[in-house]
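The data block below is start_7.csv; it holds CSV, C-alpha atoms.
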chain,number,residue,atom,x,y,z
Y,949,ASN,CA,11.0,5.9,1.8
Y,950,ALA,CA,9.8,4.2,5.0
Y,951,GLY,CA,6.7,2.4,3.5
Y,952,VAL,CA,4.5,0.9,6.2
Y,953,THR,CA,5.7,1.4,9.8
Y,954,GLN,CA,4.3,-0.5,12.8
Y,955,THR,CA,4.9,0.1,16.5
Y,956,PRO,CA,5.6,-1.6,18.9
Y,957,LYS,CA,7.5,-4.6,17.5
Y,958,PHE,CA,6.7,-6.7,20.6
Y,959,ARG,CA,4.3,-6.4,23.5
Y,960,ILE,CA,3.2,-8.5,26.4
Y,961,LEU,CA,-0.2,-7.7,27.9
Y,962,LYS,CA,-2.1,-9.1,30.8
Y,963,ILE,CA,-5.6,-10.3,30.4
Y,964,GLY,CA,-8.1,-7.4,30.4
Y,965,GLN,CA,-5.5,-4.7,29.6
Y,966,SER,CA,-5.9,-2.5,26.6
Y,967,MET,CA,-3.4,-1.2,24.0
Y,968,THR,CA,-3.2,0.4,20.6
Y,969,LEU,CA,-1.1,-0.9,17.8
Y,970,GLN,CA,0.2,1.9,15.7
Y,971,CYS,CA,0.5,1.9,11.9
Y,972,THR,CA,1.5,4.6,9.5
Y,973,GLN,CA,2.3,4.7,5.8
Y,974,ASP,CA,4.0,7.4,3.7
Y,975,MET,CA,2.9,6.2,0.3
Y,976,ASN,CA,-0.4,8.1,0.1
Y,977,HIS,CA,-2.3,4.9,-0.2
Y,978,ASN,CA,-6.0,5.0,0.2
Y,979,TYR,CA,-6.5,1.4,1.4
Y,980,MET,CA,-5.1,0.2,4.7
Y,981,TYR,CA,-5.6,-3.2,6.4
Y,982,TRP,CA,-5.0,-5.0,9.7
Y,983,TYR,CA,-4.3,-8.7,9.5
Y,984,ARG,CA,-3.4,-11.3,12.2
Y,985,GLN,CA,-1.2,-14.3,11.6
Y,986,ASP,CA,-1.4,-17.3,13.8
Y,987,PRO,CA,1.1,-20.2,13.7
Y,988,GLY,CA,0.6,-22.5,10.7
Y,989,MET,CA,-2.3,-20.4,9.4
Y,990,GLY,CA,-2.6,-17.8,6.7
Y,991,LEU,CA,-3.3,-14.2,7.5
Y,992,LYS,CA,-6.8,-13.2,8.4
Y,993,LEU,CA,-8.3,-9.7,7.9
Y,994,ILE,CA,-9.4,-7.9,11.0
Y,995,TYR,CA,-10.4,-4.5,9.8
Y,996,TYR,CA,-9.8,-2.4,6.7
Y,997,SER,CA,-10.2,1.2,5.5
Y,998,VAL,CA,-10.7,2.6,2.0
Y,999,GLY,CA,-9.9,6.2,3.0
Y,1000,ALA,CA,-9.8,8.7,5.8
Y,1001,GLY,CA,-13.0,8.5,7.9
Y,1002,ILE,CA,-14.1,5.1,6.4
Y,1003,THR,CA,-13.5,1.8,8.1
Y,1004,ASP,CA,-15.2,-1.6,8.1
Y,1005,LYS,CA,-15.0,-5.0,9.6
Y,1006,GLY,CA,-13.1,-7.9,8.0
Y,1007,GLU,CA,-13.3,-11.6,8.8
Y,1008,VAL,CA,-12.3,-11.5,12.5
Y,1009,PRO,CA,-13.2,-8.1,14.0
Y,1010,ASN,CA,-14.4,-9.1,17.4
Y,1011,GLY,CA,-12.3,-7.6,20.3
Y,1012,TYR,CA,-10.8,-4.9,18.1
Y,1013,ASN,CA,-11.5,-1.4,17.0
Y,1014,VAL,CA,-10.0,0.9,14.5
Y,1015,SER,CA,-10.1,4.6,13.4
Y,1016,ARG,CA,-8.8,6.4,10.3
Y,1017,SER,CA,-8.6,10.1,10.9
Y,1018,THR,CA,-5.8,10.7,8.4
Y,1019,THR,CA,-4.7,9.0,5.2
Y,1020,GLU,CA,-1.4,8.0,6.8
Y,1021,ASP,CA,-2.5,6.5,10.1
Y,1022,PHE,CA,-4.6,3.4,10.9
Y,1023,PRO,CA,-4.3,2.4,14.6
Y,1024,LEU,CA,-5.8,-0.9,15.9
Y,1025,ARG,CA,-7.2,-0.9,19.4
Y,1026,LEU,CA,-7.6,-3.9,21.7
Y,1027,GLU,CA,-9.9,-2.9,24.6
Y,1028,LEU,CA,-9.9,-6.0,26.8
Y,1029,ALA,CA,-7.1,-8.3,25.9
Y,1030,ALA,CA,-7.7,-12.0,25.9
Y,1031,PRO,CA,-5.3,-15.0,25.4
Y,1032,SER,CA,-7.0,-15.7,22.0
Y,1033,GLN,CA,-5.6,-12.4,20.8
Y,1034,THR,CA,-2.0,-13.7,21.1
Y,1035,SER,CA,-0.8,-13.4,17.5
Y,1036,VAL,CA,1.3,-11.5,15.1
Y,1037,TYR,CA,-0.4,-8.4,13.7
Y,1038,PHE,CA,0.4,-6.9,10.3
Y,1039,CYS,CA,-0.7,-3.6,8.9
Y,1040,ALA,CA,-0.8,-3.3,5.1
Y,1041,SER,CA,-1.6,-0.6,2.6
Y,1042,SER,CA,-2.4,-0.4,-1.1
Y,1043,TYR,CA,-3.3,2.4,-3.5
Y,1044,GLY,CA,-6.7,0.9,-4.4
Y,1045,THR,CA,-8.6,-2.2,-4.8
Y,1046,GLY,CA,-8.2,-5.3,-7.0
Y,1047,SER,CA,-5.1,-5.1,-9.2
Y,1048,THR,CA,-2.8,-3.1,-7.0
Y,1049,GLU,CA,0.1,-4.3,-4.9
Y,1050,ALA,CA,-0.1,-4.6,-1.1
Y,1051,PHE,CA,2.8,-3.5,1.1
Y,1052,PHE,CA,3.1,-4.8,4.7
Y,1053,GLY,CA,4.7,-3.5,7.9
Y,1054,GLN,CA,7.2,-5.5,9.9
Y,1055,GLY,CA,4.5,-6.8,12.3
Y,1056,THR,CA,3.7,-6.6,16.0
Y,1057,ARG,CA,4.1,-9.7,18.1
Y,1058,LEU,CA,1.6,-9.6,20.9
Y,1059,THR,CA,1.3,-12.0,23.8
Y,1060,VAL,CA,-1.6,-11.9,26.2
Y,1061,VAL,CA,-0.9,-13.7,29.5
B,964,LYS,CA,-15.3,-19.2,-1.7
B,965,GLN,CA,-11.7,-18.6,-2.7
B,966,GLU,CA,-9.2,-20.9,-1.1
B,967,VAL,CA,-5.5,-20.8,-1.6
B,968,THR,CA,-3.2,-23.8,-1.1
B,969,GLN,CA,0.5,-24.0,-1.1
B,970,ILE,CA,2.6,-27.1,-1.7
B,971,PRO,CA,4.9,-28.2,-0.3
B,972,ALA,CA,4.5,-26.9,3.2
B,973,ALA,CA,8.2,-27.2,3.8
B,974,LEU,CA,11.3,-27.7,1.6
B,975,SER,CA,14.9,-28.3,2.5
B,976,VAL,CA,17.5,-28.2,-0.3
B,977,PRO,CA,21.2,-27.9,-0.8
B,978,GLU,CA,22.6,-24.6,-2.1
B,979,GLY,CA,22.6,-24.2,-5.9
B,980,GLU,CA,19.4,-26.1,-6.7
B,981,ASN,CA,16.6,-24.7,-8.8
B,982,LEU,CA,13.3,-24.7,-6.9
B,983,VAL,CA,9.6,-24.6,-7.8
B,984,LEU,CA,7.0,-23.5,-5.2
B,985,ASN,CA,3.4,-24.1,-6.0
B,986,CYS,CA,0.3,-22.1,-5.3
B,987,SER,CA,-3.2,-23.1,-6.3
B,988,PHE,CA,-6.5,-21.2,-6.0
B,989,THR,CA,-10.1,-22.5,-6.3
B,990,ASP,CA,-11.7,-19.5,-8.0
B,991,SER,CA,-10.0,-18.5,-11.3
B,992,ALA,CA,-11.7,-15.1,-11.4
B,993,ILE,CA,-8.7,-13.2,-9.9
B,994,TYR,CA,-7.4,-9.7,-10.5
B,995,ASN,CA,-3.8,-10.6,-9.7
B,996,LEU,CA,-1.6,-12.9,-7.6
B,997,GLN,CA,1.1,-11.7,-5.3
B,998,TRP,CA,4.1,-13.6,-3.9
B,999,PHE,CA,5.6,-12.6,-0.6
B,1000,ARG,CA,8.6,-13.5,1.4
B,1001,GLN,CA,8.5,-13.7,5.2
B,1002,ASP,CA,11.7,-14.0,7.3
B,1003,PRO,CA,11.4,-15.4,10.8
B,1004,GLY,CA,9.9,-12.8,13.1
B,1005,LYS,CA,9.7,-10.3,10.3
B,1006,GLY,CA,7.0,-8.8,8.1
B,1007,LEU,CA,6.0,-9.7,4.5
B,1008,THR,CA,8.1,-8.4,1.6
B,1009,SER,CA,6.4,-8.3,-1.7
B,1010,LEU,CA,8.4,-10.2,-4.3
B,1011,LEU,CA,6.3,-10.3,-7.5
B,1012,LEU,CA,2.8,-9.3,-8.5
B,1013,ILE,CA,1.3,-10.9,-11.6
B,1014,GLN,CA,-1.8,-9.3,-13.1
B,1015,SER,CA,-4.5,-11.5,-14.4
B,1016,SER,CA,-3.6,-10.6,-18.0
B,1017,GLN,CA,0.0,-11.7,-17.5
B,1018,ARG,CA,1.5,-15.1,-17.8
B,1019,GLU,CA,4.7,-14.5,-15.8
B,1020,GLN,CA,6.9,-12.0,-14.0
B,1021,THR,CA,10.6,-12.0,-13.4
B,1022,SER,CA,12.8,-10.4,-10.8
B,1023,GLY,CA,16.4,-11.4,-10.7
B,1024,ARG,CA,16.5,-15.2,-9.9
B,1025,LEU,CA,12.8,-15.3,-9.3
B,1026,ASN,CA,10.2,-16.1,-11.9
B,1027,ALA,CA,6.5,-16.4,-11.2
B,1028,SER,CA,4.0,-17.8,-13.6
B,1029,LEU,CA,0.2,-17.7,-13.6
B,1030,ASP,CA,-2.2,-20.1,-15.2
B,1031,LYS,CA,-5.7,-18.8,-14.3
B,1032,SER,CA,-7.6,-21.5,-16.2
B,1033,SER,CA,-6.0,-24.2,-14.1
B,1034,GLY,CA,-6.0,-22.1,-10.9
B,1035,ARG,CA,-2.2,-22.3,-10.4
B,1036,SER,CA,0.9,-20.2,-9.9
B,1037,THR,CA,4.4,-21.3,-9.5
B,1038,LEU,CA,7.4,-19.4,-8.1
B,1039,TYR,CA,10.7,-20.6,-9.6
B,1040,ILE,CA,13.9,-19.8,-7.7
B,1041,ALA,CA,17.0,-20.3,-9.8
B,1042,ALA,CA,20.4,-21.3,-8.2
B,1043,SER,CA,19.1,-21.1,-4.6
B,1044,GLN,CA,21.3,-19.6,-1.9
B,1045,PRO,CA,21.2,-19.8,1.9
B,1046,GLY,CA,19.9,-16.3,1.9
B,1047,ASP,CA,16.7,-17.5,0.2
B,1048,SER,CA,15.7,-19.4,3.3
B,1049,ALA,CA,12.4,-17.9,4.4
B,1050,THR,CA,8.6,-18.6,4.2
B,1051,TYR,CA,7.1,-17.9,0.8
B,1052,LEU,CA,3.4,-16.9,0.7
B,1053,CYS,CA,1.1,-16.4,-2.2
B,1054,ALA,CA,-2.1,-14.3,-2.0
B,1055,VAL,CA,-5.0,-13.3,-4.2
B,1056,PRO,CA,-7.4,-10.4,-3.7
B,1057,VAL,CA,-11.1,-11.1,-3.4
B,1058,PHE,CA,-14.1,-8.9,-3.0
B,1059,SER,CA,-16.4,-10.2,-0.3
B,1060,GLY,CA,-19.2,-8.7,1.6
B,1061,GLY,CA,-18.4,-5.3,0.2
B,1062,TYR,CA,-14.7,-5.3,1.0
B,1063,ASN,CA,-11.5,-6.2,-0.6
B,1064,LYS,CA,-9.1,-8.5,1.1
B,1065,LEU,CA,-6.1,-10.7,0.4
B,1066,ILE,CA,-6.6,-14.5,0.8
B,1067,PHE,CA,-3.3,-16.1,1.7
B,1068,GLY,CA,-2.0,-19.6,1.5
B,1069,ALA,CA,-0.3,-21.0,4.6
B,1070,GLY,CA,3.1,-20.7,3.0
B,1071,THR,CA,6.1,-22.8,2.0
B,1072,ARG,CA,8.9,-22.8,4.5
B,1073,LEU,CA,12.2,-23.0,2.5
B,1074,ALA,CA,15.6,-23.9,4.0
B,1075,VAL,CA,18.6,-23.7,1.7
B,1076,HIS,CA,21.7,-25.2,3.3
B,1077,PRO,CA,25.3,-24.7,2.3
File written out as structure tokens:
Amino acid sequence: NAGVTQTPKFRILKIGQSMTLQCTQDMNHNYMYWYRQDPGMGLKLIYYSVGAGITDKGEVPNGYNVSRSTTEDFPLRLELAAPSQTSVYFCASSYGTGSTEAFFGQGTRLTVV
Amino acid sequence: KQEVTQIPAALSVPEGENLVLNCSFTDSAIYNLQWFRQDPGKGLTSLLLIQSSQREQTSGRLNASLDKSSGRSTLYIAASQPGDSATYLCAVPVFSGGYNKLIFGAGTRLAVHP
């Protein structure tokens, strides 16, 4: 059982470039999330989805976009990379809201230079 | 606004010690509390999930307790080993602005030396 899988694991982007961080889960979870983790800080929610076709902004959505065409996949798009987007990105999923357990992918370490 | 704090920020101990990691939260109206482990350069691994109706959960050498009224959770690690070295994060879910998210503490970085 693979759980939550993220690709790529590492990436270096130049300012202004774009890229898509891939996330897929095989647990048939309804909820999926994208977080970013900066050094010494907790994780902050970028976008979330409660099911296929439904997405919404989290705490720090600026500069990012998402889509959820299937239950399994939740890609995160960076259109014009900026140095402030240098971070570690985590995708997570859970079956539902509130009292259910969240499972995280291994993370994507992104550097924008 | 829910805030999660973890103390200490870092801890270095010799192998074999019993450890207590602390997590506090400001709003006691939580559904559950989850403890994660994060190895350097890696993702988060779920260790224990305590529902709001529970007082504690155990998994092997790990025991997590929850006291909602005081806004605290502790993660107890028995007979620590070098393989326990990692950052330990606690998180609580909140509903805010129509969405559900996890609020994380900044973590406790644990080093267990032989």
- Near Thr968 of chain Y, within 10 Å and counting only C-alpha atoms, which residues show up once chain neighbours fewer than 3 positions away are dropped, as a ChimeraX atom specification? /Y:955-956,971,1012-1014,1023-1027
Expected file contents, prior selection, C-alpha atoms, as a short mmCIF file (atom, residue, chain, number, x, y, z; two decimals), keeping the file's coordinate frame:
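Resulting contents of again-v8.cif:
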data_model
loop_
_atom_site.label_atom_id
_atom_site.label_comp_id
_atom_site.auth_asym_id
_atom_site.auth_seq_id
_atom_site.Cartn_x
_atom_site.Cartn_y
_atom_site.Cartn_z
CA THR Y 955 4.90 0.10 16.50
CA PRO Y 956 5.60 -1.60 18.90
CA CYS Y 971 0.50 1.90 11.90
CA TYR Y 1012 -10.80 -4.90 18.10
CA ASN Y 1013 -11.50 -1.40 17.00
CA VAL Y 1014 -10.00 0.90 14.50
CA PRO Y 1023 -4.30 2.40 14.60
CA LEU Y 1024 -5.80 -0.90 15.90
CA ARG Y 1025 -7.20 -0.90 19.40
CA LEU Y 1026 -7.60 -3.90 21.70
CA GLU Y 1027 -9.90 -2.90 24.60
#
- Item | Contact residues (chain B, partner chain Y, 6 Å, only C-alpha atoms) as a VMD selection string | chain B and resid 994 to 995 1005 to 1007 1067 to 1069
- Can you find the residues with an atom no farther than 10 Å from (-2.6, -17.2, -17.8), counting all atoms listed in the file, and report them as an MDAnalysis selection string? chainID B and resid 991 1013:1019 1028:1036
- Item | Sel. within 7 Å of pt (21.6, -22.8, 3.1), counting all atoms listed in the file, output as a list in words | Pro977, Glu978, Gln1044, Pro1045, Gly1046, Ser1048, Ala1074, Val1075, His1076 and Pro1077 of chain B
Store the residues of this selection in a file with C-alpha atoms, as a PDB file, keeping the file's coordinate frame.
ATOM      1  CA  PRO B 977      21.200 -27.900  -0.800  1.00  0.00           C
ATOM      2  CA  GLU B 978      22.600 -24.600  -2.100  1.00  0.00           C
ATOM      3  CA  GLN B1044      21.300 -19.600  -1.900  1.00  0.00           C
ATOM      4  CA  PRO B1045      21.200 -19.800   1.900  1.00  0.00           C
ATOM      5  CA  GLY B1046      19.900 -16.300   1.900  1.00  0.00           C
ATOM      6  CA  SER B1048      15.700 -19.400   3.300  1.00  0.00           C
ATOM      7  CA  ALA B1074      15.600 -23.900   4.000  1.00  0.00           C
ATOM      8  CA  VAL B1075      18.600 -23.700   1.700  1.00  0.00           C
ATOM      9  CA  HIS B1076      21.700 -25.200   3.300  1.00  0.00           C
ATOM     10  CA  PRO B1077      25.300 -24.700   2.300  1.00  0.00           C
TER      11      PRO B1077
END
- Separation of atom CA of Gln970 of chain Y and atom CA of Thr953 of chain Y, in Å?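 If I compute the distance from atom CA of Gln970 of chain Y to atom CA of Thr953 of chain Y, I get 8.1 Å.
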